[in-house]
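Read through the structure below, which is laid out as structure tokens, and then see the notes.
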Amino acid sequence: MAKKAVNGAILIHTQRGSKKLKLNYNVQGSLSVLPQKYDVFSAVEYRELINEKLSHNPEAIASLGNANTDWQKEIYRTSFGQDHHLSLCTSVLDAPFRISYGNLNQDGIVKTSNLKRNTLGLAFSPEFFDHHLQISLNHNLTKEKNRYVDENVFGDAAMFDPTQPVHTNNNYGEYYEWLVNGSSNIMATANPVALLEQTNYNSDVTNRITNVKADYKLHFFPDLHFVFNYGSDYYKSKIKKDVDSLASWTSWIGRGYYQRNNLTTKNNMYDFYLNYSKYFKSIQSEIDFITGYTYQIIENKGSDYIRNTAQPAEVFQNYRYSNKNYYTSKYGRIVYNFKEKYLLNLSLRYDGDSKYTNNYRWAFNPAAAFAWNIYREQFMRKITFISDLKFRISYGKTGVGQPSDNKKYNLQHEEISSFNAGLDFGFLKDKITGSLNYYTQTCDRLIVMVMIPNGSNLSNFILVNNGKLDNKGWDFVLNTQVISSKNWRWEVSGNWAYNKNKIKTPTVNGCIGMAYGTIAGGTGNSIMIQSPGYPLNSFFVLQQVYGSDGKPLEEEYVNRSGEGGNVAANMDNYYHDKSSGPDMIIGIASKLGYKKWELSFSARANIGNYVYNNVNSNNAYSMLYNNHYLRNLNKSVNETGFNNPQYFSDYFVENASFLRMDYIRLGLSF
């Protein structure tokens with residue numbers, strides 16, 4: 001499938017065929033477990049808590065049940081999966097041909113969840129006219145069936161009263177539910193087991209990706225190639241959600257829930273370019289020139305339909321939509337290579353997008369790069385331990401970003417200006433290789449949603465070109481061959497990246513910034529803000545005050561404004577705390593092989609990123625009993641002692657740095 005890029009079209013190919021007969025079979029098994037449960041009160045602990053905190057409320061105490069239910073245990077499981085892959089490579093009409101089939105069956109760790117996927121891949125690469133015309137055909141078909149779970153099941157399993165049973169005798173499928181005057185309490189948490197077993201939530205997905213490439217080398221002028229590439233991506237999704245008419249949580253819509261969502265996306269790209277490449281021996285230079293044109297059509301069609309299942313049925317949503325967008329690019333690139341030492345790359349693109357009005361539809365995007373192969377210089381020949389050394393520098397602009405809906409806006413393309421300088425190196429005959437890069441990037445004219453004064457428009461927010469964001473940082477890559485012998489081999493690789501960003505957007509309408517990051521608890525509460533002079537995704541919170549025992553004091557915050565009254569009600573007392581983005585990203589991988597055995601692993605780490613713990617912030621003793629139902633809490637409430645939620649306390653902004661082992665794998669080839 002071809003995709004847009006600064007220097008032309010990026011062609012994404014699957015594995016190609018081979019003229020030799022090869023049959024490969026690969027099978028993998030997996031075991032998935034829940035590493036940690038949400039830390040809530042057990043039934044015994046919960047009874048003690050209710051009797052202690054709600055001793056003044058006989059109705060709440062009387063609501064306690066006699067069961068001892070671990071609701072998380074009721075919905076989670078140890079799951080298994082298997083992945084089979086079979087491929088055949090051979091020759092058809094004296095051309096490489098490959099066919100492959102894959103089958104995946106993976107259960108989720110939440111009961112009833114499952115993923116089934118079947119894939120078929122074809123690749124054919126014939127040549128004609130004495131190898132002057134090369135054809136590459138690739139086709140991949142994916143059929144996928146998903147059994148989803150209602151996302152509310154996670155929160156309800158954590159909050160549902162552990163003293164209540166899973167089943168009881170009632171009119172709601174015999175699943176225990178909170179009732180008010182004999183009817184379902186729609187304000188209460190739903191039985192999480194009922195959410196799983198009374199909900200049938202499925203999707204059928206078909207995805208076809210086709211790529212056809214023709215490369216013709218002129219007989220009378222073999223340095224000139226005519227290249228045509230066609231890419232097609234067809235995606236079709238059917239989502240069905242059926243909820244039993246006995247499900248208690250659907251009583252507010254007349255019992256039962258019937259939902260159908262259909263989406264079809266057709267993405268077709270046509271790319272044609274001329275490529276002239278020639279080495280001139282007399283001047284020890286090579287010139288590679290490309291000029292071309294890309295045309296892309298993306299078409300979306302879909303429908304959304306929701307109703308209840310009771311009679312008479314009431315339709316809540318019923319609409320169809322269709323849109324089509326066009327993207328075109330005219331581009332050129334020239335690469336000049338002198339003596340294999342100096343490389344100059346110049347490129348130009350002229351990109352158009354139908355989502356913009358005629359005034360701003362087109363964007364001009366130039367780029368330039370220079371590389372110096374220092375290793376090939378005469379003075380490097382005496383330095384034998386260096387096997388490669390290259391310096392490179394580049395600068396370019398690209399126009400990206402577009403409105404998310406199908407309306408046409410009188411907006412300009414977002415513009416990204418990037419500068420990069422780097423060094424590639426190799427030592428000890430390339431047993432040690434790597435690169436060091438420094439970059440800066442400015443994102444200008446970002447399309448953002450800003451608030452406008454009431455009454456000045458039909459909406460309180462509009463899209464404008466008002467954003468500007470600066471990024472700068474370093475990244476380092478190192479690859480080593482620790483052992484390389486007849487029977488043993490050991491490769492270790494790692495990467496490190498450091499990034500800092502800062503918003504340069506001017507203040508809009510006198511506002512501190514643009515609030516976003518909706519949190520649970522209260523209507524319209526947001527915990528993040530985008531403000532000039534601060535990093536992207538900064539938390540905007542109150543500074544917590546602590547007691548002599550180290551515990552946070554409820555509703556006690558640092559008064560930054562120096563004014564009287566309610567500190568939390570004065571926006572001048574809020575401050576920009578940490579950001580959700582990491583300062584550093586680190587990765588490491590290793591492959592240790594002995595003959596046909598191989599032990600490998602891959603791990604990664606994020607350092608310096610923070611997260612807002614909305615689970616704990618939406619947790620206070622006052623939530624134990626409301627609206628005639630009991631609710632369990634996270635045990636963190638014992639650490640804060642908060643009677644009421646303190647949503648904007650920086651106490652809940654927590655360090656989210658982590659080290660993740662992506663996989664550890666032991667394999668045998670035979």
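Within each chain, counting starts at residue 1; across the structure tokens, chains are named A, B, ... in the order shown, with ligands numbered 1 upward in that order.
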
Just asking: which residues within region 528-631 of chain A are alpha helix (DSSP H) according to DSSP, as a PyMOL selection string? chain A and resi 614-617

Could you write out the selected residues, including all heavy atoms, as a tab-separated table (two decimals), in the first residue's frame?
chain	number	residue	atom	x	y	z
A	614	ASN	N	-7.29	9.10	38.26
A	614	ASN	CA	-8.69	9.44	38.42
A	614	ASN	C	-9.45	8.38	39.20
A	614	ASN	O	-10.50	8.64	39.78
A	614	ASN	CB	-9.32	9.64	37.04
A	614	ASN	CG	-10.64	10.38	37.09
A	614	ASN	OD1	-11.36	10.45	36.10
A	614	ASN	ND2	-10.98	10.98	38.23
A	615	VAL	N	-8.91	7.16	39.23
A	615	VAL	CA	-9.53	6.09	40.01
A	615	VAL	C	-9.49	6.45	41.49
A	615	VAL	O	-10.50	6.37	42.21
A	615	VAL	CB	-8.81	4.75	39.77
A	615	VAL	CG1	-9.34	3.68	40.72
A	615	VAL	CG2	-9.00	4.31	38.32
A	616	ASN	N	-8.32	6.88	41.96
A	616	ASN	CA	-8.19	7.22	43.38
A	616	ASN	C	-8.80	8.58	43.71
A	616	ASN	O	-9.29	8.79	44.82
A	616	ASN	CB	-6.71	7.21	43.79
A	616	ASN	CG	-6.17	5.80	43.88
A	616	ASN	OD1	-6.90	4.83	43.75
A	616	ASN	ND2	-4.87	5.68	44.10
A	617	SER	N	-8.76	9.52	42.77
A	617	SER	CA	-9.33	10.84	43.06
A	617	SER	C	-10.85	10.78	43.17
A	617	SER	O	-11.46	11.59	43.86
A	617	SER	CB	-8.92	11.85	41.99
A	617	SER	OG	-9.55	11.57	40.75

Residues within 12 Å of region 54-56 of chain A, please, as an NGL selection string. Count only C-alpha atoms; anything in the same chain fewer than 5 positions from it doesn't count. :A and (46-49 or 61-64 or 621-626 or 630 or 643)

For Asn114 (chain A), list every protein, DNA or RNA residue within 8 Å, evaluated using only C-alpha atoms, and leave out those in the same chain fewer than 5 positions away; present the list as JSON, numbers by chain. {"A": [105, 106, 107, 108, 146, 147, 148]}

Find the spatial neighbours of region 486-497 of chain A, counting only C-alpha atoms, within a cut-off of 9 Å - ignore same-chain residues fewer than 5 positions away - and output them as a list in words.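 Listing them by chain and then by number gives Gly473, Trp474, Asp475, Phe476, Val477, Leu478, Asn479, Thr480, Gln481, Asp583, Met584, Ile585, Ile586, Gly587, Ile588, Ala589, Ser590, Lys591, Leu592, Gly593, Tyr594, Lys595 and Lys596 of chain A.
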
DSSP on the backbone, strand (DSSP E) only: what residues of region 388-559 of chain A does that give? Format it as a VMD selection string. chain A and resid 388 to 400 414 to 427 432 to 451 461 to 484 488 to 503 514 to 518 526 to 530 538 to 542 544 to 546 552 to 557

I'd like to know which of A:Ile374, A:Val243, A:Ile416, A:Leu659 is closest to Asn606 (chain A), using only C-alpha atoms.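 Closest candidate: A:Leu659.
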
Find the distance between CA of Ile290 (chain A) and CA of Gly422 (chain A) and write it in Å to one decimal.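 Separating CA of Ile290 (chain A) from CA of Gly422 (chain A) is a distance of 25.2 Å.
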
Find the residues near Asn66 (chain A): any atom within 7 Å, counting only C-alpha atoms, skip ones fewer than 2 places away on the same chain, and give them as a PDB file with N, CA, C and O atoms, in the first residue's frame.
ATOM      1  N   LEU A  64     -26.552  -4.163  53.570  1.00  0.00           N
ATOM      2  CA  LEU A  64     -25.476  -5.149  53.462  1.00  0.00           C
ATOM      3  C   LEU A  64     -26.042  -6.544  53.247  1.00  0.00           C
ATOM      4  O   LEU A  64     -27.078  -6.905  53.805  1.00  0.00           O
ATOM      5  N   ASN A  68     -20.035 -13.354  50.178  1.00  0.00           N
ATOM      6  CA  ASN A  68     -18.622 -12.950  50.139  1.00  0.00           C
ATOM      7  C   ASN A  68     -18.155 -13.105  48.695  1.00  0.00           C
ATOM      8  O   ASN A  68     -17.613 -14.142  48.306  1.00  0.00           O
ATOM      9  N   THR A 163     -20.629  -7.801  49.446  1.00  0.00           N
ATOM     10  CA  THR A 163     -21.466  -8.611  50.347  1.00  0.00           C
ATOM     11  C   THR A 163     -22.711  -9.136  49.643  1.00  0.00           C
ATOM     12  O   THR A 163     -23.538  -9.803  50.266  1.00  0.00           O
ATOM     13  N   GLN A 164     -22.848  -8.818  48.333  1.00  0.00           N
ATOM     14  CA  GLN A 164     -24.023  -9.266  47.594  1.00  0.00           C
ATOM     15  C   GLN A 164     -23.675 -10.468  46.719  1.00  0.00           C
ATOM     16  O   GLN A 164     -22.545 -10.605  46.246  1.00  0.00           O
TER      17      GLN A 164
END

So which one's closest to Ala520 (chain A), A:Tyr321, A:Tyr546, A:Phe648, A:Tyr629? Using only C-alpha atoms, please.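 Result for the nearest residue to Ala520 (chain A): A:Phe648.
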
Between A:Lys145, A:Lys238, A:Lys217, A:Lys551, which residue has the minimum interatomic distance to Phe642 (chain A), considering only C-alpha atoms?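 Comparing A:Lys145, A:Lys238, A:Lys217, A:Lys551 against Phe642 (chain A), the winner is A:Lys551.
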
Grab the CA of Gly550 (chain A) to CA of Ile527 (chain A) distance for me, in Å with one decimal place.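 Taking CA of Gly550 (chain A) as the start and CA of Ile527 (chain A) as the end point, the length is 24.3 Å.
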
So that I can check the surroundings of Phe391 (chain A), please list as a ChimeraX atom specification every protein, DNA and RNA residue that reaches within 8 Å of it, counting only C-alpha atoms and ignoring chain neighbours fewer than 3 positions away. /A:371-374,421-424

Resulting file, chosen residues, N, CA and C atoms, as a PDB file, in the first residue's frame:
ATOM      1  N   ALA A 371      24.970  14.762   3.361  1.00  0.00           N
ATOM      2  CA  ALA A 371      25.692  13.746   4.122  1.00  0.00           C
ATOM      3  C   ALA A 371      27.145  13.704   3.671  1.00  0.00           C
ATOM      4  N   TRP A 372      28.022  13.536   4.637  1.00  0.00           N
ATOM      5  CA  TRP A 372      29.459  13.447   4.358  1.00  0.00           C
ATOM      6  C   TRP A 372      29.957  12.107   4.894  1.00  0.00           C
ATOM      7  N   ASN A 373      30.403  11.242   3.967  1.00  0.00           N
ATOM      8  CA  ASN A 373      30.922   9.937   4.348  1.00  0.00           C
ATOM      9  C   ASN A 373      32.393  10.093   4.742  1.00  0.00           C
ATOM     10  N   ILE A 374      32.612  10.412   5.991  1.00  0.00           N
ATOM     11  CA  ILE A 374      33.963  10.706   6.479  1.00  0.00           C
ATOM     12  C   ILE A 374      34.864   9.482   6.363  1.00  0.00           C
ATOM     13  N   ALA A 421      20.515  16.815  12.735  1.00  0.00           N
ATOM     14  CA  ALA A 421      21.956  16.620  12.511  1.00  0.00           C
ATOM     15  C   ALA A 421      22.355  15.341  13.222  1.00  0.00           C
ATOM     16  N   GLY A 422      23.119  14.510  12.532  1.00  0.00           N
ATOM     17  CA  GLY A 422      23.435  13.222  13.139  1.00  0.00           C
ATOM     18  C   GLY A 422      24.754  12.654  12.675  1.00  0.00           C
ATOM     19  N   LEU A 423      25.171  11.620  13.376  1.00  0.00           N
ATOM     20  CA  LEU A 423      26.424  10.930  13.103  1.00  0.00           C
ATOM     21  C   LEU A 423      26.159   9.429  13.135  1.00  0.00           C
ATOM     22  N   ASP A 424      26.478   8.740  12.022  1.00  0.00           N
ATOM     23  CA  ASP A 424      26.401   7.279  11.969  1.00  0.00           C
ATOM     24  C   ASP A 424      27.812   6.726  12.107  1.00  0.00           C
TER      25      ASP A 424
END

Counting only C-alpha atoms, the residue among A:Trp597, A:Phe540, A:Arg381, A:Asp94 that lies closest to Phe670 (chain A) is A:Trp597

With only C-alpha atoms as the counted atoms, please give the residues lying no more than 12 Å from region 73-82 of chain A, apart from itself and same-chain residues fewer than 6 positions off, as a PyMOL selection string. chain A and resi 26-38+42+102-117+149-150+152-158+160+162+165-167+191-197
